[in-house]
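Source file: target.tsv; contents: TSV, C-alpha atoms.
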```
chain	number	residue	atom	x	y	z
R	1	MET	CA	93.02	46.05	73.88
R	2	LYS	CA	94.69	48.95	75.67
R	3	MET	CA	96.27	50.07	72.41
R	4	ILE	CA	92.89	50.25	70.76
R	5	GLU	CA	91.50	52.33	73.60
R	6	ALA	CA	94.40	54.73	73.39
R	7	HIS	CA	93.91	55.10	69.67
R	8	ALA	CA	90.21	55.65	70.11
R	9	TYR	CA	90.94	58.36	72.67
R	10	LEU	CA	93.43	60.12	70.39
R	11	LEU	CA	91.02	59.90	67.50
R	12	LEU	CA	88.28	61.38	69.66
R	13	LYS	CA	90.55	64.26	70.70
R	14	VAL	CA	91.41	65.00	67.08
R	15	VAL	CA	87.74	64.97	66.15
R	16	ILE	CA	86.96	67.42	68.94
R	17	LEU	CA	89.80	69.70	67.85
R	18	LEU	CA	88.63	69.59	64.25
R	19	CYS	CA	85.09	70.45	65.30
R	20	LEU	CA	86.29	73.42	67.35
R	21	ALA	CA	88.82	74.60	64.79
R	22	PRO	CA	86.42	76.53	62.54
R	23	ILE	CA	85.12	78.48	65.52
R	24	HIS	CA	88.27	79.59	67.29
R	25	GLY	CA	91.06	78.90	64.85
R	26	PHE	CA	93.07	75.75	65.30
R	27	ALA	CA	96.12	77.12	67.12
R	28	SER	CA	94.23	79.03	69.79
R	29	THR	CA	91.99	76.04	70.47
R	30	VAL	CA	94.98	73.88	71.31
R	31	VAL	CA	96.35	76.51	73.68
R	32	MET	CA	92.95	76.95	75.32
R	33	LEU	CA	92.66	73.27	76.12
R	34	ASP	CA	96.10	73.22	77.73
R	35	ASP	CA	96.04	76.49	79.64
R	36	PRO	CA	92.97	78.71	79.59
R	37	ALA	CA	94.84	81.60	81.25
R	38	THR	CA	97.03	82.14	78.21
R	39	ALA	CA	94.35	81.55	75.58
R	40	VAL	CA	94.89	83.76	72.58
R	41	VAL	CA	92.01	86.09	71.97
R	42	THR	CA	92.04	87.89	68.64
R	43	GLN	CA	91.41	91.60	68.26
R	44	ALA	CA	88.23	90.80	66.33
R	45	GLN	CA	86.95	88.70	69.22
R	46	GLU	CA	87.73	91.53	71.67
R	47	THR	CA	85.88	94.07	69.53
R	48	GLY	CA	82.93	91.77	68.98
R	49	ALA	CA	82.61	91.11	72.70
R	50	ARG	CA	82.92	94.82	73.50
R	51	ASP	CA	80.14	95.76	71.04
R	52	ALA	CA	77.84	93.05	72.32
R	53	LEU	CA	78.42	94.03	75.96
R	54	ASP	CA	77.88	97.75	75.20
R	55	LYS	CA	74.52	96.94	73.64
R	56	LEU	CA	73.50	94.69	76.51
R	57	GLN	CA	74.72	97.26	79.06
R	58	LYS	CA	72.65	99.97	77.39
R	59	ARG	CA	69.52	97.84	77.67
R	60	MET	CA	70.28	97.06	81.32
R	61	ASP	CA	70.83	100.76	82.11
R	62	GLU	CA	67.51	101.63	80.48
R	63	ALA	CA	65.75	98.88	82.42
R	64	TRP	CA	67.23	100.23	85.68
R	65	THR	CA	66.15	103.78	84.86
R	66	GLU	CA	62.64	102.59	84.19
R	67	TYR	CA	62.53	100.31	87.23
R	68	LEU	CA	63.64	103.04	89.62
R	69	ALA	CA	61.52	105.81	88.04
R	70	PRO	CA	58.79	105.75	90.74
R	71	LEU	CA	61.41	106.41	93.45
R	72	ARG	CA	62.93	109.25	91.43
R	73	GLU	CA	59.56	110.84	90.74
R	74	ALA	CA	58.32	110.70	94.34
R	75	LYS	CA	58.01	114.23	95.65
R	76	THR	CA	58.25	113.62	99.39
R	77	ALA	CA	60.00	111.16	101.67
R	78	GLU	CA	56.55	109.91	102.78
R	79	GLU	CA	55.65	109.09	99.21
R	80	ARG	CA	58.99	107.37	98.63
R	81	ASP	CA	58.52	105.15	101.69
R	82	THR	CA	55.20	103.80	100.39
R	83	ILE	CA	56.60	102.69	97.00
R	84	GLU	CA	57.08	98.95	96.60
R	85	LEU	CA	59.05	97.82	93.56
R	86	ASP	CA	58.10	94.51	91.98
R	87	PRO	CA	60.96	92.09	92.74
R	88	GLU	CA	60.03	90.03	89.65
R	89	LYS	CA	60.88	92.97	87.39
R	90	ASP	CA	64.19	93.75	89.08
R	91	PRO	CA	66.75	94.14	86.24
R	92	GLY	CA	69.38	92.54	88.49
R	93	VAL	CA	67.30	89.36	88.25
R	94	MET	CA	65.92	89.71	84.73
R	95	PHE	CA	69.29	90.12	83.01
R	96	LEU	CA	71.15	87.47	84.99
R	97	ALA	CA	70.68	84.68	82.42
R	98	GLU	CA	71.47	86.88	79.43
R	99	LEU	CA	74.64	88.29	80.97
R	100	PHE	CA	75.72	84.78	81.96
R	101	LYS	CA	75.25	83.63	78.37
R	102	PHE	CA	77.29	86.59	77.17
R	103	SER	CA	80.17	85.59	79.45
R	104	SER	CA	80.07	82.02	78.13
R	105	ASP	CA	80.02	83.25	74.51
R	106	HIS	CA	83.06	85.53	74.85
R	107	PRO	CA	85.63	83.73	77.04
R	108	GLY	CA	88.97	85.37	77.68
R	109	THR	CA	88.00	88.88	76.54
R	110	ALA	CA	88.26	92.02	78.65
R	111	ALA	CA	84.50	92.58	78.19
R	112	CYS	CA	83.85	89.12	79.61
R	113	LEU	CA	85.77	90.02	82.76
R	114	GLU	CA	83.52	93.07	83.23
R	115	ALA	CA	80.44	90.89	82.77
R	116	LEU	CA	81.76	88.34	85.29
R	117	SER	CA	82.29	91.14	87.77
R	118	GLN	CA	78.64	92.25	87.47
R	119	LEU	CA	77.46	88.64	87.55
R	120	ILE	CA	79.14	88.08	90.91
R	121	SER	CA	77.06	90.77	92.60
R	122	MET	CA	73.88	89.83	90.70
R	123	ALA	CA	74.15	86.11	91.50
R	124	SER	CA	75.13	86.85	95.12
R	125	ARG	CA	71.75	88.39	95.84
R	126	ASP	CA	69.85	85.12	95.90
R	127	GLU	CA	71.09	81.77	97.23
R	128	LYS	CA	69.23	79.87	94.52
R	129	ASN	CA	71.70	81.35	92.01
R	130	GLY	CA	74.62	79.78	93.86
R	131	TRP	CA	75.32	77.46	90.92
R	132	ILE	CA	75.81	80.47	88.62
R	133	LEU	CA	78.08	82.12	91.15
R	134	GLU	CA	80.12	78.93	91.36
R	135	GLN	CA	80.66	78.83	87.59
R	136	VAL	CA	81.43	82.54	87.40
R	137	VAL	CA	84.03	82.25	90.17
R	138	ASP	CA	85.62	79.22	88.44
R	139	ARG	CA	85.84	81.14	85.18
R	140	VAL	CA	87.48	84.16	86.84
R	141	ILE	CA	90.06	81.95	88.54
R	142	LEU	CA	90.79	79.87	85.43
R	143	ASP	CA	90.92	82.65	82.84
R	144	TYR	CA	91.81	85.87	84.66
R	145	ILE	CA	93.80	85.15	87.82
R	146	GLU	CA	96.80	87.13	86.52
R	147	HIS	CA	94.77	89.94	84.91
R	148	PRO	CA	95.54	93.48	86.21
R	149	ASP	CA	91.87	94.56	85.81
R	150	LEU	CA	90.93	92.04	88.48
R	151	LYS	CA	91.32	94.95	90.90
R	152	ASP	CA	87.99	96.41	89.73
R	153	LEU	CA	86.37	93.06	90.44
R	154	VAL	CA	87.72	92.55	93.96
R	155	ARG	CA	87.88	96.19	95.16
R	156	PHE	CA	84.28	96.21	96.41
R	157	GLY	CA	84.18	92.45	97.08
R	158	HIS	CA	83.23	93.13	100.72
R	159	TYR	CA	79.84	94.47	99.60
R	160	ASN	CA	78.89	90.94	98.48
R	161	PRO	CA	77.78	88.43	101.11
R	162	PRO	CA	80.50	86.22	102.71
R	163	SER	CA	79.38	83.14	100.76
R	164	ALA	CA	81.77	80.21	100.29
R	165	GLN	CA	82.25	81.14	96.61
R	166	ASN	CA	83.01	84.80	97.27
R	167	LEU	CA	85.53	83.88	99.97
R	168	LEU	CA	87.10	81.28	97.67
R	169	LEU	CA	87.52	83.87	94.91
R	170	LEU	CA	89.08	86.50	97.18
R	171	ARG	CA	91.47	83.96	98.73
R	172	ALA	CA	92.55	82.81	95.27
R	173	VAL	CA	93.21	86.36	94.08
R	174	ALA	CA	95.02	87.30	97.31
R	175	ASP	CA	97.28	84.24	96.98
R	176	ARG	CA	97.88	84.16	93.24
R	177	SER	CA	97.65	87.60	91.64
R	178	PRO	CA	101.09	88.78	90.52
R	179	HIS	CA	100.00	92.44	90.89
R	180	ARG	CA	100.58	93.97	94.31
R	181	SER	CA	97.67	96.39	93.98
R	182	VAL	CA	95.21	93.61	93.02
R	183	GLN	CA	96.51	91.47	95.86
R	184	GLY	CA	96.10	94.28	98.40
R	185	SER	CA	92.50	94.84	97.28
R	186	ALA	CA	91.71	91.14	97.65
R	187	PHE	CA	93.27	90.94	101.14
R	188	TYR	CA	91.27	94.00	102.17
R	189	ALA	CA	87.90	92.73	100.89
R	190	LEU	CA	88.58	89.32	102.45
R	191	GLY	CA	89.53	90.92	105.79
R	192	LYS	CA	86.35	93.02	105.76
R	193	LEU	CA	84.11	90.04	104.95
R	194	LEU	CA	85.67	87.79	107.59
R	195	GLY	CA	85.65	90.65	110.10
R	196	SER	CA	81.91	91.09	109.68
R	197	SER	CA	80.93	87.88	111.46
R	198	GLU	CA	81.86	86.95	114.98
R	199	GLU	CA	83.29	83.47	114.29
R	200	THR	CA	85.83	84.73	111.75
R	201	ARG	CA	86.52	88.16	113.24
R	202	ALA	CA	90.01	87.31	114.51
R	203	GLU	CA	91.18	86.15	111.07
R	204	GLY	CA	89.59	89.21	109.43
R	205	ARG	CA	91.43	91.48	111.84
R	206	GLN	CA	94.76	89.76	111.08
R	207	LEU	CA	94.25	90.26	107.35
R	208	LEU	CA	93.40	93.94	107.81
R	209	GLU	CA	96.56	94.36	109.89
R	210	ARG	CA	98.49	92.73	107.09
R	211	VAL	CA	96.99	95.23	104.63
R	212	GLN	CA	98.12	98.03	106.95
R	213	LYS	CA	101.67	96.65	107.08
R	214	GLU	CA	102.14	95.61	103.46
R	215	PHE	CA	99.66	97.52	101.29
R	216	ALA	CA	99.08	100.86	103.07
R	217	ASP	CA	100.22	102.92	100.04
R	218	VAL	CA	98.01	101.06	97.51
R	219	PRO	CA	95.15	103.28	96.24
R	220	PHE	CA	91.67	102.12	97.20
R	221	PHE	CA	89.26	104.53	95.53
R	222	ARG	CA	89.72	108.12	94.36
R	223	GLU	CA	92.18	109.79	96.78
R	224	THR	CA	91.91	107.20	99.55
R	225	THR	CA	94.63	104.61	100.18
R	226	TYR	CA	94.18	101.24	101.88
R	227	GLY	CA	96.23	102.57	104.81
R	228	GLU	CA	93.59	105.22	105.52
R	229	LYS	CA	90.70	102.79	104.95
R	230	VAL	CA	92.10	100.14	107.26
R	231	ALA	CA	92.71	102.55	110.15
R	232	GLY	CA	88.95	103.20	110.27
R	233	ASP	CA	88.09	99.52	109.90
R	234	LEU	CA	90.37	98.45	112.74
R	235	PHE	CA	88.82	101.13	114.98
R	236	GLU	CA	85.37	99.80	114.03
R	237	LEU	CA	86.39	96.20	114.83
R	238	ASP	CA	87.84	97.21	118.20
R	239	HIS	CA	85.33	99.81	119.40
R	240	LEU	CA	82.12	99.77	117.38
R	241	GLN	CA	80.91	96.19	117.70
R	242	ILE	CA	77.72	95.07	119.41
R	243	GLY	CA	78.43	94.99	123.15
R	244	HIS	CA	80.95	97.85	123.13
R	245	VAL	CA	80.18	101.11	124.92
R	246	ALA	CA	79.70	103.69	122.16
R	247	PRO	CA	82.68	106.08	121.91
R	248	GLU	CA	81.89	109.56	123.21
R	249	ILE	CA	80.88	112.23	120.72
R	250	ILE	CA	81.23	115.89	121.69
R	251	GLY	CA	80.46	118.59	119.16
R	252	ILE	CA	78.29	121.42	117.94
R	253	GLY	CA	74.67	120.73	117.10
R	254	ILE	CA	72.88	122.01	114.02
R	255	ASP	CA	71.17	124.46	116.41
R	256	GLY	CA	74.59	125.90	117.30
R	257	ASN	CA	74.67	124.50	120.85
R	258	LEU	CA	77.33	122.23	122.29
R	259	MET	CA	76.12	118.65	122.62
R	260	GLN	CA	77.45	115.36	123.95
R	261	LEU	CA	76.32	111.79	123.28
R	262	SER	CA	76.79	110.58	126.87
R	263	ALA	CA	74.25	113.20	128.04
R	264	PHE	CA	71.60	110.85	126.60
R	265	ARG	CA	72.49	108.00	129.01
R	266	GLY	CA	69.38	106.66	130.69
R	267	LYS	CA	67.47	106.65	127.40
R	268	VAL	CA	67.51	104.20	124.53
R	269	VAL	CA	69.23	106.05	121.67
R	270	LEU	CA	68.89	105.71	117.92
R	271	LEU	CA	72.11	107.13	116.52
R	272	ASP	CA	71.50	108.18	112.94
R	273	PHE	CA	74.24	109.28	110.53
R	274	TRP	CA	72.19	111.17	107.99
R	275	GLY	CA	72.25	113.55	105.04
R	276	ASP	CA	69.39	114.91	103.01
R	277	TRP	CA	70.45	113.68	99.59
E	278	MET	CA	63.44	107.13	106.90
E	279	TYR	CA	62.17	110.50	108.25
E	280	PRO	CA	58.48	109.46	108.49
E	281	HIS	CA	59.52	106.26	110.26
E	282	GLU	CA	61.71	108.19	112.68
E	283	ARG	CA	58.97	110.73	113.35
E	284	SER	CA	56.58	107.88	114.19
E	285	LEU	CA	59.13	106.41	116.63
E	286	VAL	CA	59.51	109.74	118.41
E	287	LYS	CA	55.73	109.96	118.66
E	288	LYS	CA	55.37	106.37	119.92
E	289	HIS	CA	58.02	106.30	122.65
E	290	PRO	CA	58.03	108.86	125.51
E	291	ALA	CA	60.91	111.34	125.48
E	292	ASP	CA	62.23	110.20	128.86
E	293	GLN	CA	62.76	106.66	127.48
E	294	PHE	CA	63.95	107.20	123.93
E	295	ALA	CA	65.81	109.75	121.83
E	296	ILE	CA	67.06	110.05	118.28
E	297	VAL	CA	70.50	111.62	117.99
E	298	GLY	CA	71.54	112.61	114.49
E	299	ILE	CA	74.98	113.19	113.00
E	300	ASN	CA	74.52	115.29	109.92
E	301	SER	CA	76.93	115.31	106.96
E	302	GLU	CA	75.42	118.14	104.89
E	303	GLU	CA	77.95	120.36	103.07
E	304	SER	CA	77.14	123.44	105.18
E	305	ILE	CA	75.35	124.23	108.44
E	306	GLU	CA	72.83	126.32	106.44
E	307	ALA	CA	71.99	123.27	104.31
E	308	ALA	CA	71.68	121.17	107.48
E	309	ARG	CA	69.26	123.71	109.02
E	310	GLU	CA	67.26	123.74	105.82
E	311	ALA	CA	67.06	119.90	105.84
E	312	VAL	CA	65.83	119.92	109.47
E	313	LYS	CA	63.12	122.44	108.60
E	314	LYS	CA	62.05	120.78	105.35
E	315	ASN	CA	61.74	117.33	106.90
E	316	LYS	CA	60.19	118.58	110.15
E	317	LEU	CA	62.82	116.91	112.36
E	318	THR	CA	62.22	117.50	116.05
E	319	TRP	CA	65.34	115.78	117.40
E	320	LYS	CA	68.89	117.07	117.79
E	321	SER	CA	71.77	116.42	115.44
E	322	PHE	CA	75.48	117.02	115.60
E	323	PHE	CA	76.80	118.95	112.63
E	324	ASP	CA	79.83	117.01	111.37
E	325	GLY	CA	81.80	119.99	110.04
E	326	GLY	CA	80.44	119.84	106.47
E	327	GLY	CA	80.62	116.93	104.01
E	328	THR	CA	80.77	113.18	104.32
E	329	ASP	CA	84.38	113.06	105.53
E	330	GLY	CA	83.77	114.94	108.78
E	331	PRO	CA	85.55	113.90	112.01
E	332	ILE	CA	82.62	111.97	113.55
E	333	ALA	CA	81.72	109.97	110.42
E	334	THR	CA	85.42	109.24	109.82
E	335	ARG	CA	85.99	108.03	113.39
E	336	TRP	CA	82.84	105.88	113.22
E	337	ASN	CA	84.01	104.52	109.86
E	338	VAL	CA	80.74	105.44	108.15
E	339	SER	CA	80.70	104.89	104.40
E	340	GLY	CA	76.93	104.80	103.69
E	341	TRP	CA	74.09	107.10	104.69
E	342	PRO	CA	71.95	106.57	106.63
E	343	THR	CA	73.94	104.39	109.03
E	344	ILE	CA	72.08	103.39	112.18
E	345	TYR	CA	73.28	102.31	115.64
E	346	LEU	CA	70.94	101.46	118.51
E	347	LEU	CA	72.33	102.09	122.00
E	348	ASP	CA	70.77	100.87	125.24
E	349	GLU	CA	70.28	103.14	128.23
E	350	ASN	CA	73.89	102.51	129.33
E	351	GLY	CA	75.29	103.69	126.02
E	352	VAL	CA	76.17	100.15	124.89
E	353	ILE	CA	75.89	99.38	121.16
E	354	ARG	CA	73.15	96.73	120.86
E	355	PHE	CA	72.13	96.77	117.20
E	356	LYS	CA	73.74	98.02	113.98
E	357	ASP	CA	72.07	98.96	110.71
E	358	VAL	CA	68.57	97.77	111.50
E	359	ARG	CA	65.69	99.04	109.37
E	360	GLY	CA	61.91	98.83	109.06
E	361	ASP	CA	60.19	96.17	111.18
E	362	THR	CA	63.52	94.90	112.52
E	363	LEU	CA	64.27	98.38	113.85
E	364	ASP	CA	60.83	98.59	115.51
E	365	ALA	CA	61.29	95.19	117.17
E	366	ALA	CA	64.86	95.97	118.29
E	367	LEU	CA	63.73	99.25	119.84
E	368	GLU	CA	60.81	97.55	121.56
E	369	THR	CA	63.24	95.02	123.09
E	370	LEU	CA	65.59	97.71	124.41
E	371	ILE	CA	62.78	99.79	125.88
E	372	GLU	CA	61.29	96.71	127.57
E	373	GLN	CA	64.72	95.79	128.99
E	374	ARG	CA	65.16	99.32	130.30
E	375	LYS	CA	61.79	99.13	132.03
E	376	ALA	CA	62.55	95.69	133.53
E	377	ALA	CA	65.97	96.85	134.79
E	378	ARG	CA	64.39	99.88	136.49
E	379	GLU	CA	61.68	97.79	138.12
E	380	ALA	CA	64.30	95.34	139.41
E	381	THR	CA	66.29	98.22	140.91
E	382	ARG	CA	63.17	99.66	142.52
E	383	ASP	CA	62.25	96.27	144.03
E	384	ALA	CA	65.76	95.84	145.40
E	385	GLU	CA	65.69	99.31	146.92
E	386	SER	CA	62.29	98.76	148.55
E	387	LYS	CA	63.63	95.67	150.31
E	388	LEU	CA	66.46	97.60	151.92
```

Show me the file's structure as structure tokens.
Amino acid sequence: MKMIEAHAYLLLKVVILLCLAPIHGFASTVVMLDDPATAVVTQAQETGARDALDKLQKRMDEAWTEYLAPLREAKTAEERDTIELDPEKDPGVMFLAELFKFSSDHPGTAACLEALSQLISMASRDEKNGWILEQVVDRVILDYIEHPDLKDLVRFGHYNPPSAQNLLLLRAVADRSPHRSVQGSAFYALGKLLGSSEETRAEGRQLLERVQKEFADVPFFRETTYGEKVAGDLFELDHLQIGHVAPEIIGIGIDGNLMQLSAFRGKVVLLDFWGDW
Amino acid sequence: MYPHERSLVKKHPADQFAIVGINSEESIEAAREAVKKNKLTWKSFFDGGGTDGPIATRWNVSGWPTIYLLDENGVIRFKDVRGDTLDAALETLIEQRKAAREATRDAESKL
């Protein structure tokens, strides 16, 4: 009886392989089933995925331009403040399904990794899309954990909410990426996310200290290194949290006079870092 | 943000509440122009020109505007609040300030 079952299972596997063979090519299908991370993607598949993503990206960019047009065309700040954009027409919501389908249609390609990166921030905006986020995170970990371009995906990971899936992804990359610069980025984003809530602040601080010790020379963005970034973040964690006395500011005002923050003691103060751009 | 801020300055008396700006314009001329154009009546530090000035760097600011609400003792009580949340937070702090002063006055009158 057991023999028959085993045969049936083997037969089934062969049938599946034969069905998949015409799509992916037989050899690559076998590799994919065993180890998705080393799946062979042909040049033609890469190019096809790139073209499809470029087209989709162009449509998304146009949708964003159109969606944000009222804000751009507002002449005064007053006018801008009264504009309410329709959340139903938000391109970040409207293109979610299409981009997700794209990522499923082009597994293993570089274009797919870019799409997954965008999907993480799009799906993170609404908890009801948690199931998409879960699948996207799984795909990144299964197919791309050793990919050097993962740095672009994790670099701004701290701008996404500290959801279970986002934390899982950053932990996986921090632990398993073979590239020091990708690893440093993941540790940093993870430290920032954990540092942002009170219950996990201590762990976040430890991770940021680790970034300072081990990854200070790794570039973050443009000219800035993680060493420079982290110095500011540690100061913020230690001195700029709710409950801390605000650090003193002494300087020259726009009017040319000397001014000092502590001179406003006795009043409730709204401290506003601003620029007219 | 400016219209909202102007309404707050109008709503709360100047002895209870103040806006203090830290401006990251490229030059002090541009900062003066922005004050004039947006009819800002409150004071701002000029952060030396550009977004990487000493105050913004020390306060680890990476997005503009960034908002902190301080109580009358200079303690940070709220970060990055906007819109209705900002109004409510401000209301709370001003009420607390009033209550603290009344309590002090009562205590003093009993002496």

Got a sec to pull out which chain E residues are within 9 Å of chain R, counting all atoms listed in the file, and send them as an mmCIF file with C-alpha atoms, keeping the file's coordinate frame?
```
data_model
loop_
_atom_site.group_PDB
_atom_site.id
_atom_site.type_symbol
_atom_site.label_atom_id
_atom_site.label_comp_id
_atom_site.auth_asym_id
_atom_site.auth_seq_id
_atom_site.Cartn_x
_atom_site.Cartn_y
_atom_site.Cartn_z
ATOM 1 C CA MET E 278 63.440 107.130 106.900
ATOM 2 C CA TYR E 279 62.170 110.500 108.250
ATOM 3 C CA PRO E 280 58.480 109.460 108.490
ATOM 4 C CA HIS E 281 59.520 106.260 110.260
ATOM 5 C CA ALA E 291 60.910 111.340 125.480
ATOM 6 C CA ASP E 292 62.230 110.200 128.860
ATOM 7 C CA GLN E 293 62.760 106.660 127.480
ATOM 8 C CA PHE E 294 63.950 107.200 123.930
ATOM 9 C CA ALA E 295 65.810 109.750 121.830
ATOM 10 C CA ILE E 296 67.060 110.050 118.280
ATOM 11 C CA VAL E 297 70.500 111.620 117.990
ATOM 12 C CA GLY E 298 71.540 112.610 114.490
ATOM 13 C CA ILE E 299 74.980 113.190 113.000
ATOM 14 C CA ASN E 300 74.520 115.290 109.920
ATOM 15 C CA SER E 301 76.930 115.310 106.960
ATOM 16 C CA GLU E 302 75.420 118.140 104.890
ATOM 17 C CA ILE E 305 75.350 124.230 108.440
ATOM 18 C CA GLU E 306 72.830 126.320 106.440
ATOM 19 C CA ALA E 307 71.990 123.270 104.310
ATOM 20 C CA ALA E 308 71.680 121.170 107.480
ATOM 21 C CA ARG E 309 69.260 123.710 109.020
ATOM 22 C CA ALA E 311 67.060 119.900 105.840
ATOM 23 C CA VAL E 312 65.830 119.920 109.470
ATOM 24 C CA ASN E 315 61.740 117.330 106.900
ATOM 25 C CA LYS E 320 68.890 117.070 117.790
ATOM 26 C CA SER E 321 71.770 116.420 115.440
ATOM 27 C CA PHE E 322 75.480 117.020 115.600
ATOM 28 C CA PHE E 323 76.800 118.950 112.630
ATOM 29 C CA ASP E 324 79.830 117.010 111.370
ATOM 30 C CA GLY E 325 81.800 119.990 110.040
ATOM 31 C CA THR E 328 80.770 113.180 104.320
ATOM 32 C CA ILE E 332 82.620 111.970 113.550
ATOM 33 C CA ALA E 333 81.720 109.970 110.420
ATOM 34 C CA THR E 334 85.420 109.240 109.820
ATOM 35 C CA ARG E 335 85.990 108.030 113.390
ATOM 36 C CA TRP E 336 82.840 105.880 113.220
ATOM 37 C CA ASN E 337 84.010 104.520 109.860
ATOM 38 C CA VAL E 338 80.740 105.440 108.150
ATOM 39 C CA GLY E 340 76.930 104.800 103.690
ATOM 40 C CA TRP E 341 74.090 107.100 104.690
ATOM 41 C CA PRO E 342 71.950 106.570 106.630
ATOM 42 C CA THR E 343 73.940 104.390 109.030
ATOM 43 C CA ILE E 344 72.080 103.390 112.180
ATOM 44 C CA TYR E 345 73.280 102.310 115.640
ATOM 45 C CA LEU E 346 70.940 101.460 118.510
ATOM 46 C CA LEU E 347 72.330 102.090 122.000
ATOM 47 C CA ASP E 348 70.770 100.870 125.240
ATOM 48 C CA GLU E 349 70.280 103.140 128.230
ATOM 49 C CA ASN E 350 73.890 102.510 129.330
ATOM 50 C CA GLY E 351 75.290 103.690 126.020
ATOM 51 C CA VAL E 352 76.170 100.150 124.890
ATOM 52 C CA ILE E 353 75.890 99.380 121.160
ATOM 53 C CA ARG E 354 73.150 96.730 120.860
ATOM 54 C CA PHE E 355 72.130 96.770 117.200
ATOM 55 C CA LYS E 356 73.740 98.020 113.980
ATOM 56 C CA LEU E 367 63.730 99.250 119.840
ATOM 57 C CA LEU E 370 65.590 97.710 124.410
ATOM 58 C CA ILE E 371 62.780 99.790 125.880
ATOM 59 C CA ARG E 374 65.160 99.320 130.300
#
```

statement: Correct to one decimal, the distance CA of Ala97 (chain R)-CA of Trp131 (chain R) is 12.1 Å

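Between CA of Thr82 (chain R) and CA of Ala69 (chain R) there is a distance of 14.0 Å.
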
task: Give me, please, the distance in Å between CA of Tyr188 (chain R) and CA of Gly108 (chain R), quoted to one decimal.
output: 26.1 Å

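If you measure from each of R:Gln183, R:Gln165, R:Ser197, R:Thr47 to Gln135 (chain R) using only C-alpha atoms, the closest one turns out to be R:Gln165.
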
- request: Please tell me which residues are no farther than 12 Å from (94.3, 96.5, 90.2) in the file, counting all atoms listed in the file, and write them as a ChimeraX atom specification.
  value: /R:145-156,173-174,177-186,218-221
